[in-house]
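Asks: run-v4.tsv (TSV, N, CA and C atoms) pasted underneath:
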```
chain	number	residue	atom	x	y	z
A	1	MET	N	69.17	102.71	204.37
A	1	MET	CA	68.49	103.17	203.18
A	1	MET	C	69.23	104.33	202.52
A	2	SER	N	69.80	105.21	203.36
A	2	SER	CA	70.50	106.35	202.78
A	2	SER	C	71.78	105.89	202.08
A	3	SER	N	72.32	104.76	202.49
A	3	SER	CA	73.51	104.22	201.85
A	3	SER	C	73.22	103.91	200.38
A	4	ILE	N	72.08	103.31	200.12
A	4	ILE	CA	71.70	103.00	198.73
A	4	ILE	C	71.47	104.29	197.96
A	5	THR	N	70.81	105.25	198.57
A	5	THR	CA	70.56	106.54	197.92
A	5	THR	C	71.87	107.24	197.61
A	6	GLU	N	72.80	107.20	198.54
A	6	GLU	CA	74.10	107.82	198.31
A	6	GLU	C	74.85	107.12	197.20
A	7	GLN	N	74.75	105.80	197.13
A	7	GLN	CA	75.43	105.05	196.08
A	7	GLN	C	74.87	105.41	194.71
A	8	PHE	N	73.53	105.50	194.61
A	8	PHE	CA	72.93	105.87	193.33
A	8	PHE	C	73.25	107.31	192.98
A	9	SER	N	73.31	108.19	193.97
A	9	SER	CA	73.66	109.58	193.72
A	9	SER	C	75.10	109.68	193.21
A	10	ALA	N	76.00	108.93	193.82
A	10	ALA	CA	77.39	108.92	193.36
A	10	ALA	C	77.51	108.34	191.96
A	11	ALA	N	76.73	107.31	191.69
A	11	ALA	CA	76.77	106.70	190.36
A	11	ALA	C	76.24	107.67	189.31
A	12	THR	N	75.17	108.38	189.65
A	12	THR	CA	74.60	109.36	188.72
A	12	THR	C	75.60	110.47	188.45
A	13	LYS	N	76.26	110.94	189.50
A	13	LYS	CA	77.27	111.99	189.34
A	13	LYS	C	78.40	111.50	188.46
A	14	SER	N	78.85	110.28	188.67
A	14	SER	CA	79.93	109.72	187.86
A	14	SER	C	79.53	109.58	186.40
A	15	GLN	N	78.30	109.17	186.16
A	15	GLN	CA	77.82	109.04	184.78
A	15	GLN	C	77.74	110.41	184.10
A	16	LEU	N	77.27	111.41	184.82
A	16	LEU	CA	77.21	112.75	184.25
A	16	LEU	C	78.61	113.28	183.95
A	17	GLU	N	79.55	113.02	184.83
A	17	GLU	CA	80.93	113.44	184.58
A	17	GLU	C	81.50	112.73	183.36
A	18	ALA	N	81.20	111.45	183.20
A	18	ALA	CA	81.67	110.71	182.03
A	18	ALA	C	81.05	111.26	180.75
A	19	GLN	N	79.78	111.61	180.78
A	19	GLN	CA	79.13	112.18	179.61
A	19	GLN	C	79.73	113.54	179.27
A	20	PHE	N	80.00	114.34	180.30
A	20	PHE	CA	80.63	115.63	180.07
A	20	PHE	C	82.00	115.45	179.44
A	21	LYS	N	82.73	114.43	179.90
A	21	LYS	CA	84.06	114.16	179.36
A	21	LYS	C	83.98	113.80	177.88
A	22	ILE	N	83.03	112.96	177.51
A	22	ILE	CA	82.94	112.57	176.09
A	22	ILE	C	82.49	113.76	175.23
A	23	PHE	N	81.58	114.58	175.72
A	23	PHE	CA	81.17	115.75	174.95
A	23	PHE	C	82.34	116.72	174.81
A	24	ASN	N	83.13	116.85	175.86
A	24	ASN	CA	84.29	117.72	175.80
A	24	ASN	C	85.30	117.18	174.79
A	25	THR	N	85.49	115.88	174.77
A	25	THR	CA	86.40	115.26	173.80
A	25	THR	C	85.91	115.47	172.38
A	26	PHE	N	84.61	115.27	172.17
A	26	PHE	CA	84.05	115.49	170.83
A	26	PHE	C	84.25	116.94	170.38
A	27	ALA	N	83.98	117.88	171.28
A	27	ALA	CA	84.11	119.30	170.92
A	27	ALA	C	85.55	119.66	170.61
A	28	SER	N	86.49	119.22	171.44
A	28	SER	CA	87.89	119.56	171.19
A	28	SER	C	88.40	118.89	169.91
A	29	THR	N	87.96	117.67	169.64
A	29	THR	CA	88.36	116.98	168.41
A	29	THR	C	87.79	117.71	167.19
A	30	ALA	N	86.56	118.16	167.30
A	30	ALA	CA	85.96	118.89	166.18
A	30	ALA	C	86.70	120.19	165.90
A	31	VAL	N	87.08	120.90	166.95
A	31	VAL	CA	87.82	122.16	166.77
A	31	VAL	C	89.20	121.88	166.17
A	32	GLU	N	89.88	120.87	166.67
A	32	GLU	CA	91.20	120.53	166.13
A	32	GLU	C	91.12	120.13	164.67
A	33	SER	N	90.12	119.35	164.31
A	33	SER	CA	89.99	118.93	162.91
A	33	SER	C	89.63	120.11	162.02
A	34	ALA	N	88.81	121.03	162.53
A	34	ALA	CA	88.48	122.22	161.76
A	34	ALA	C	89.73	123.06	161.52
A	35	GLU	N	90.59	123.17	162.54
A	35	GLU	CA	91.84	123.90	162.38
A	35	GLU	C	92.72	123.26	161.30
A	36	LYS	N	92.78	121.94	161.29
A	36	LYS	CA	93.59	121.23	160.29
A	36	LYS	C	93.04	121.45	158.89
A	37	VAL	N	91.72	121.39	158.74
A	37	VAL	CA	91.10	121.59	157.43
A	37	VAL	C	91.31	123.03	156.95
A	38	ILE	N	91.18	123.98	157.86
A	38	ILE	CA	91.40	125.39	157.48
A	38	ILE	C	92.85	125.59	157.05
A	39	ALA	N	93.80	125.03	157.80
A	39	ALA	CA	95.21	125.15	157.42
A	39	ALA	C	95.47	124.50	156.06
A	40	LEU	N	94.86	123.36	155.82
A	40	LEU	CA	95.00	122.68	154.53
A	40	LEU	C	94.44	123.56	153.41
A	41	ASN	N	93.26	124.12	153.62
A	41	ASN	CA	92.65	124.98	152.60
A	41	ASN	C	93.50	126.22	152.32
A	42	ILE	N	94.06	126.81	153.37
A	42	ILE	CA	94.90	128.00	153.17
A	42	ILE	C	96.16	127.65	152.39
A	43	SER	N	96.81	126.55	152.75
A	43	SER	CA	98.03	126.17	152.03
A	43	SER	C	97.73	125.79	150.59
A	44	THR	N	96.62	125.13	150.36
A	44	THR	CA	96.24	124.74	149.00
A	44	THR	C	95.93	125.98	148.16
A	45	THR	N	95.20	126.90	148.76
A	45	THR	CA	94.87	128.14	148.05
A	45	THR	C	96.13	128.94	147.73
A	46	LYS	N	97.04	129.02	148.69
A	46	LYS	CA	98.29	129.75	148.47
A	46	LYS	C	99.09	129.12	147.34
A	47	ALA	N	99.21	127.80	147.34
A	47	ALA	CA	99.94	127.11	146.28
A	47	ALA	C	99.28	127.32	144.92
A	48	SER	N	97.96	127.30	144.89
A	48	SER	CA	97.23	127.50	143.64
A	48	SER	C	97.43	128.92	143.10
A	49	VAL	N	97.39	129.89	143.98
A	49	VAL	CA	97.59	131.28	143.55
A	49	VAL	C	99.00	131.47	143.03
A	50	GLU	N	99.99	130.90	143.73
A	50	GLU	CA	101.38	131.01	143.27
A	50	GLU	C	101.57	130.36	141.91
A	51	LYS	N	100.97	129.20	141.71
A	51	LYS	CA	101.10	128.50	140.43
A	51	LYS	C	100.41	129.30	139.31
A	52	SER	N	99.24	129.83	139.61
A	52	SER	CA	98.52	130.62	138.60
A	52	SER	C	99.27	131.90	138.28
A	53	SER	N	99.87	132.51	139.28
A	53	SER	CA	100.63	133.74	139.06
A	53	SER	C	101.84	133.47	138.19
A	54	ALA	N	102.53	132.36	138.46
A	54	ALA	CA	103.70	132.02	137.65
A	54	ALA	C	103.30	131.72	136.21
A	55	ALA	N	102.19	131.03	136.03
A	55	ALA	CA	101.71	130.73	134.67
A	55	ALA	C	101.29	132.01	133.96
A	56	ALA	N	100.65	132.92	134.67
A	56	ALA	CA	100.24	134.19	134.05
A	56	ALA	C	101.45	135.02	133.64
A	57	LYS	N	102.49	135.02	134.46
A	57	LYS	CA	103.71	135.77	134.11
A	57	LYS	C	104.34	135.20	132.85
A	58	LYS	N	104.36	133.88	132.74
A	58	LYS	CA	104.92	133.26	131.53
A	58	LYS	C	104.10	133.65	130.31
A	59	LEU	N	102.79	133.60	130.44
A	59	LEU	CA	101.92	133.92	129.30
A	59	LEU	C	102.03	135.39	128.92
A	60	LEU	N	102.14	136.26	129.93
A	60	LEU	CA	102.27	137.69	129.62
A	60	LEU	C	103.63	138.02	129.02
A	61	GLY	N	104.61	137.19	129.25
A	61	GLY	CA	105.94	137.41	128.68
A	61	GLY	C	106.08	136.91	127.25
A	62	ALA	N	105.03	136.34	126.71
A	62	ALA	CA	105.09	135.82	125.32
A	62	ALA	C	105.23	136.98	124.34
A	63	LYS	N	106.10	136.77	123.33
A	63	LYS	CA	106.38	137.82	122.36
A	63	LYS	C	105.41	137.83	121.18
A	64	ASP	N	104.86	136.68	120.84
A	64	ASP	CA	103.91	136.60	119.74
A	64	ASP	C	102.83	135.57	120.07
A	65	PRO	N	101.74	135.53	119.29
A	65	PRO	CA	100.65	134.59	119.59
A	65	PRO	C	101.08	133.12	119.55
A	66	ARG	N	102.01	132.80	118.65
A	66	ARG	CA	102.46	131.41	118.55
A	66	ARG	C	103.13	130.98	119.87
A	67	GLU	N	103.98	131.82	120.43
A	67	GLU	CA	104.64	131.52	121.70
A	67	GLU	C	103.61	131.45	122.83
A	68	PHE	N	102.63	132.35	122.76
A	68	PHE	CA	101.58	132.36	123.78
A	68	PHE	C	100.84	131.02	123.81
A	69	PHE	N	100.43	130.56	122.63
A	69	PHE	CA	99.68	129.30	122.57
A	69	PHE	C	100.56	128.08	122.87
A	70	SER	N	101.82	128.15	122.53
A	70	SER	CA	102.71	127.02	122.86
A	70	SER	C	102.94	126.96	124.37
A	71	LEU	N	103.01	128.11	125.03
A	71	LEU	CA	103.16	128.13	126.49
A	71	LEU	C	101.90	127.60	127.19
A	72	SER	N	100.75	128.00	126.68
A	72	SER	CA	99.51	127.55	127.31
A	72	SER	C	99.28	126.05	127.08
A	73	ALA	N	99.76	125.54	125.95
A	73	ALA	CA	99.62	124.10	125.68
A	73	ALA	C	100.66	123.30	126.47
A	74	ALA	N	101.78	123.93	126.81
A	74	ALA	CA	102.84	123.22	127.53
A	74	ALA	C	102.47	122.98	128.99
A	75	GLU	N	101.54	123.74	129.54
A	75	GLU	CA	101.10	123.57	130.92
A	75	GLU	C	99.89	122.63	130.95
A	76	PRO	N	100.11	121.32	131.07
A	76	PRO	CA	98.97	120.40	131.08
A	76	PRO	C	98.16	120.56	132.37
A	77	ALA	N	96.91	120.22	132.26
A	77	ALA	CA	96.04	120.27	133.43
A	77	ALA	C	96.49	119.19	134.39
A	78	SER	N	97.02	119.61	135.52
A	78	SER	CA	97.57	118.66	136.48
A	78	SER	C	96.58	118.44	137.61
A	79	PHE	N	96.29	117.16	137.84
A	79	PHE	CA	95.38	116.80	138.92
A	79	PHE	C	96.14	116.33	140.16
A	80	ASP	N	97.48	116.44	140.10
A	80	ASP	CA	98.29	116.01	141.24
A	80	ASP	C	97.95	116.80	142.49
A	81	ASN	N	97.79	118.10	142.35
A	81	ASN	CA	97.47	118.93	143.52
A	81	ASN	C	96.10	118.58	144.08
A	82	LEU	N	95.16	118.31	143.19
A	82	LEU	CA	93.82	117.94	143.63
A	82	LEU	C	93.84	116.60	144.36
A	83	LEU	N	94.60	115.66	143.83
A	83	LEU	CA	94.71	114.35	144.48
A	83	LEU	C	95.42	114.46	145.84
A	84	ALA	N	96.46	115.28	145.91
A	84	ALA	CA	97.17	115.47	147.18
A	84	ALA	C	96.24	116.11	148.21
A	85	TYR	N	95.43	117.06	147.77
A	85	TYR	CA	94.46	117.70	148.66
A	85	TYR	C	93.45	116.67	149.18
A	86	GLY	N	92.95	115.84	148.29
A	86	GLY	CA	91.99	114.81	148.68
A	86	GLY	C	92.59	113.80	149.65
A	87	ARG	N	93.84	113.41	149.41
A	87	ARG	CA	94.50	112.47	150.33
A	87	ARG	C	94.68	113.09	151.71
A	88	GLU	N	95.09	114.33	151.76
A	88	GLU	CA	95.29	115.00	153.05
A	88	GLU	C	93.96	115.18	153.79
A	89	LEU	N	92.93	115.55	153.05
A	89	LEU	CA	91.60	115.70	153.66
A	89	LEU	C	91.10	114.36	154.19
A	90	TYR	N	91.31	113.30	153.45
A	90	TYR	CA	90.93	111.96	153.90
A	90	TYR	C	91.71	111.56	155.15
A	91	SER	N	92.99	111.89	155.17
A	91	SER	CA	93.83	111.58	156.32
A	91	SER	C	93.31	112.29	157.58
A	92	ILE	N	92.93	113.54	157.45
A	92	ILE	CA	92.38	114.29	158.58
A	92	ILE	C	91.08	113.65	159.05
A	93	ALA	N	90.20	113.34	158.11
A	93	ALA	CA	88.89	112.77	158.47
A	93	ALA	C	89.04	111.41	159.13
A	94	SER	N	89.91	110.56	158.61
A	94	SER	CA	90.07	109.23	159.20
A	94	SER	C	90.73	109.31	160.57
A	95	GLY	N	91.64	110.25	160.76
A	95	GLY	CA	92.27	110.44	162.06
A	95	GLY	C	91.26	110.88	163.10
A	96	VAL	N	90.39	111.81	162.71
A	96	VAL	CA	89.34	112.28	163.62
A	96	VAL	C	88.37	111.14	163.95
A	97	GLN	N	88.01	110.37	162.95
A	97	GLN	CA	87.10	109.25	163.17
A	97	GLN	C	87.70	108.25	164.16
A	98	ASN	N	88.96	107.89	163.97
A	98	ASN	CA	89.61	106.94	164.88
A	98	ASN	C	89.67	107.48	166.31
A	99	GLU	N	90.00	108.75	166.43
A	99	GLU	CA	90.09	109.36	167.77
A	99	GLU	C	88.73	109.37	168.46
A	100	LEU	N	87.69	109.71	167.72
A	100	LEU	CA	86.34	109.74	168.32
A	100	LEU	C	85.86	108.34	168.69
A	101	ILE	N	86.16	107.36	167.86
A	101	ILE	CA	85.75	105.98	168.17
A	101	ILE	C	86.46	105.49	169.42
A	102	GLN	N	87.76	105.73	169.53
A	102	GLN	CA	88.49	105.30	170.72
A	102	GLN	C	87.98	105.99	171.97
A	103	SER	N	87.70	107.27	171.86
A	103	SER	CA	87.18	108.01	173.01
A	103	SER	C	85.81	107.50	173.42
A	104	ALA	N	84.96	107.25	172.44
A	104	ALA	CA	83.61	106.75	172.75
A	104	ALA	C	83.68	105.36	173.38
A	105	GLN	N	84.54	104.49	172.87
A	105	GLN	CA	84.66	103.15	173.43
A	105	GLN	C	85.14	103.19	174.88
A	106	SER	N	86.14	104.01	175.16
A	106	SER	CA	86.63	104.07	176.54
A	106	SER	C	85.59	104.68	177.47
A	107	THR	N	84.85	105.67	177.00
A	107	THR	CA	83.82	106.28	177.84
A	107	THR	C	82.66	105.33	178.07
A	108	ILE	N	82.27	104.59	177.05
A	108	ILE	CA	81.18	103.62	177.21
A	108	ILE	C	81.58	102.55	178.21
A	109	LYS	N	82.83	102.11	178.17
A	109	LYS	CA	83.31	101.12	179.14
A	109	LYS	C	83.27	101.70	180.55
A	110	GLN	N	83.70	102.95	180.70
A	110	GLN	CA	83.67	103.60	182.01
A	110	GLN	C	82.24	103.70	182.53
A	111	VAL	N	81.33	104.14	181.69
A	111	VAL	CA	79.94	104.32	182.11
A	111	VAL	C	79.32	102.98	182.47
A	112	SER	N	79.59	101.94	181.70
A	112	SER	CA	79.01	100.64	182.03
A	112	SER	C	79.58	100.10	183.33
A	113	ASP	N	80.87	100.33	183.58
A	113	ASP	CA	81.46	99.92	184.85
A	113	ASP	C	80.85	100.69	186.01
A	114	LEU	N	80.63	101.99	185.81
A	114	LEU	CA	80.03	102.81	186.86
A	114	LEU	C	78.58	102.41	187.13
A	115	ALA	N	77.88	102.05	186.07
A	115	ALA	CA	76.48	101.66	186.23
A	115	ALA	C	76.36	100.31	186.92
A	116	ALA	N	77.32	99.45	186.71
A	116	ALA	CA	77.26	98.11	187.32
A	116	ALA	C	77.65	98.14	188.80
A	117	ALA	N	78.44	99.11	189.22
A	117	ALA	CA	78.92	99.15	190.60
A	117	ALA	C	77.80	99.27	191.63
A	118	PRO	N	76.81	100.18	191.47
A	118	PRO	CA	75.75	100.27	192.48
A	118	PRO	C	74.87	99.02	192.51
A	119	VAL	N	74.65	98.41	191.37
A	119	VAL	CA	73.82	97.21	191.32
A	119	VAL	C	74.52	96.08	192.07
A	120	THR	N	75.82	95.95	191.88
A	120	THR	CA	76.59	94.93	192.59
A	120	THR	C	76.58	95.20	194.09
A	121	ALA	N	76.73	96.47	194.47
A	121	ALA	CA	76.70	96.82	195.89
A	121	ALA	C	75.32	96.58	196.48
A	122	LEU	N	74.28	96.86	195.72
A	122	LEU	CA	72.91	96.64	196.18
A	122	LEU	C	72.66	95.15	196.40
A	123	LYS	N	73.12	94.33	195.46
A	123	LYS	CA	72.95	92.87	195.60
A	123	LYS	C	73.68	92.38	196.84
A	124	ALA	N	74.88	92.89	197.07
A	124	ALA	CA	75.65	92.47	198.25
A	124	ALA	C	74.95	92.91	199.52
A	125	GLY	N	74.35	94.12	199.49
A	125	GLY	CA	73.63	94.62	200.67
A	125	GLY	C	72.38	93.81	200.94
A	126	VAL	N	71.68	93.40	199.90
A	126	VAL	CA	70.46	92.60	200.07
A	126	VAL	C	70.81	91.23	200.62
A	127	LYS	N	71.86	90.63	200.12
A	127	LYS	CA	72.26	89.29	200.63
A	127	LYS	C	72.69	89.37	202.08
A	128	ALA	N	73.37	90.45	202.46
A	128	ALA	CA	73.83	90.58	203.85
A	128	ALA	C	72.67	90.84	204.80
A	129	ALA	N	71.65	91.56	204.32
A	129	ALA	CA	70.52	91.92	205.18
A	129	ALA	C	69.46	90.83	205.22
A	130	ALA	N	69.51	89.87	204.33
A	130	ALA	CA	68.48	88.83	204.29
A	130	ALA	C	68.59	87.93	205.54
A	131	PRO	N	67.48	87.64	206.15
A	131	PRO	CA	67.54	86.78	207.33
A	131	PRO	C	67.89	85.35	206.94
A	132	ALA	N	68.55	84.69	207.85
A	132	ALA	CA	68.93	83.31	207.60
A	132	ALA	C	67.67	82.46	207.59
A	133	PRO	N	67.55	81.48	206.71
A	133	PRO	CA	66.36	80.66	206.68
A	133	PRO	C	66.21	79.86	207.99
A	134	ALA	N	65.00	79.83	208.45
A	134	ALA	CA	64.74	79.14	209.71
A	134	ALA	C	64.92	77.64	209.52
A	135	ALA	N	65.47	77.03	210.51
A	135	ALA	CA	65.70	75.60	210.42
A	135	ALA	C	64.35	74.88	210.44
A	136	ALA	N	64.23	73.90	209.67
A	136	ALA	CA	62.96	73.15	209.59
A	136	ALA	C	62.75	72.38	210.90
A	137	ALA	N	61.55	72.49	211.41
A	137	ALA	CA	61.23	71.80	212.67
A	137	ALA	C	61.05	70.31	212.41
A	138	PRO	N	61.60	69.43	213.31
A	138	PRO	CA	61.46	67.98	213.07
A	138	PRO	C	60.12	67.46	213.40
```
Could I get this structure in the form of structure tokens?
Replies:
Amino acid sequence: MSSITEQFSAATKSQLEAQFKIFNTFASTAVESAEKVIALNISTTKASVEKSSAAAKKLLGAKDPREFFSLSAAEPASFDNLLAYGRELYSIASGVQNELIQSAQSTIKQVSDLAAAPVTALKAGVKAAAPAPAAAAP
């Protein structure tokens, strides 16, 4: 009887370890993705400030209003930086999603294998302990 109890105890311990592993993976993935997003935001902000500073220097260097307005009209509103930011953010999000899905799938497979092991052992133990059927009397 203690053999069955020990098997279920070991299975429970294994399942808890697997759950801890997946939570640890989720947490580390979340931290890594947050680091990537923060780095992206910092680089985007830096590039935006540099571009704005360069544009302001050009505008402040204008000698008359006509030159000022021609310089401001020459700088079209560019959405390239915004699109590049969106693509990079999407790339980070999809990478994190793929990593989490793969981790969850492998952990679910591990847990299901661990859960099936004691049941299989229990079935084998019950079959071995079952008495042989008595021969029918003639």
Asks: May I ask which of the residues A:Asp80, A:Tyr85, A:Val37, A:Ser14 is the closest one to A:Gln110, counting only C-alpha atoms?
Replies: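 The shortest atom-to-atom distance to A:Gln110 comes from A:Ser14.
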Asks: Take atom CA of A:Arg87 and atom CA of A:Ala47 and report the distance between them in Å, one decimal.
Replies: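 Rounded to one decimal, the two atoms are 16.1 Å apart.
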Asks: In Å, rounded to a single decimal, give me how far atom C of A:Glu6 is from atom CA of A:Ser112.
Replies: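 Interatomic distance here is 17.0 Å.
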Asks: Rank nothing, just name the residue among A:Leu83, A:Gln15, A:Asn41, A:Thr5 nearest to A:Lys109, using only C-alpha atoms.
Replies: A:Gln15
Asks: Between atom C of A:Ser48 and atom C of A:Gly86, what distance in Å does the model show, to one decimal?
Replies: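 Answer for the atom C of A:Ser48 to atom C of A:Gly86 separation: 17.2 Å.
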Asks: Could you pull the residues within 8 Å of stretch 105-107 of chain A, counting only C-alpha atoms, minus those fewer than 6 positions along the same chain, as JSON, numbers by chain?
Replies: {"A": [18, 19, 22]}
Asks: Fewer than 5 positions away in the same chain doesn't count, so skip those; otherwise give me all residues within 8 Å of A:Ser103, counting all atoms listed in the file, as number ranges by chain.
Replies: A: 21-22, 25-26, 97-98, 108-109
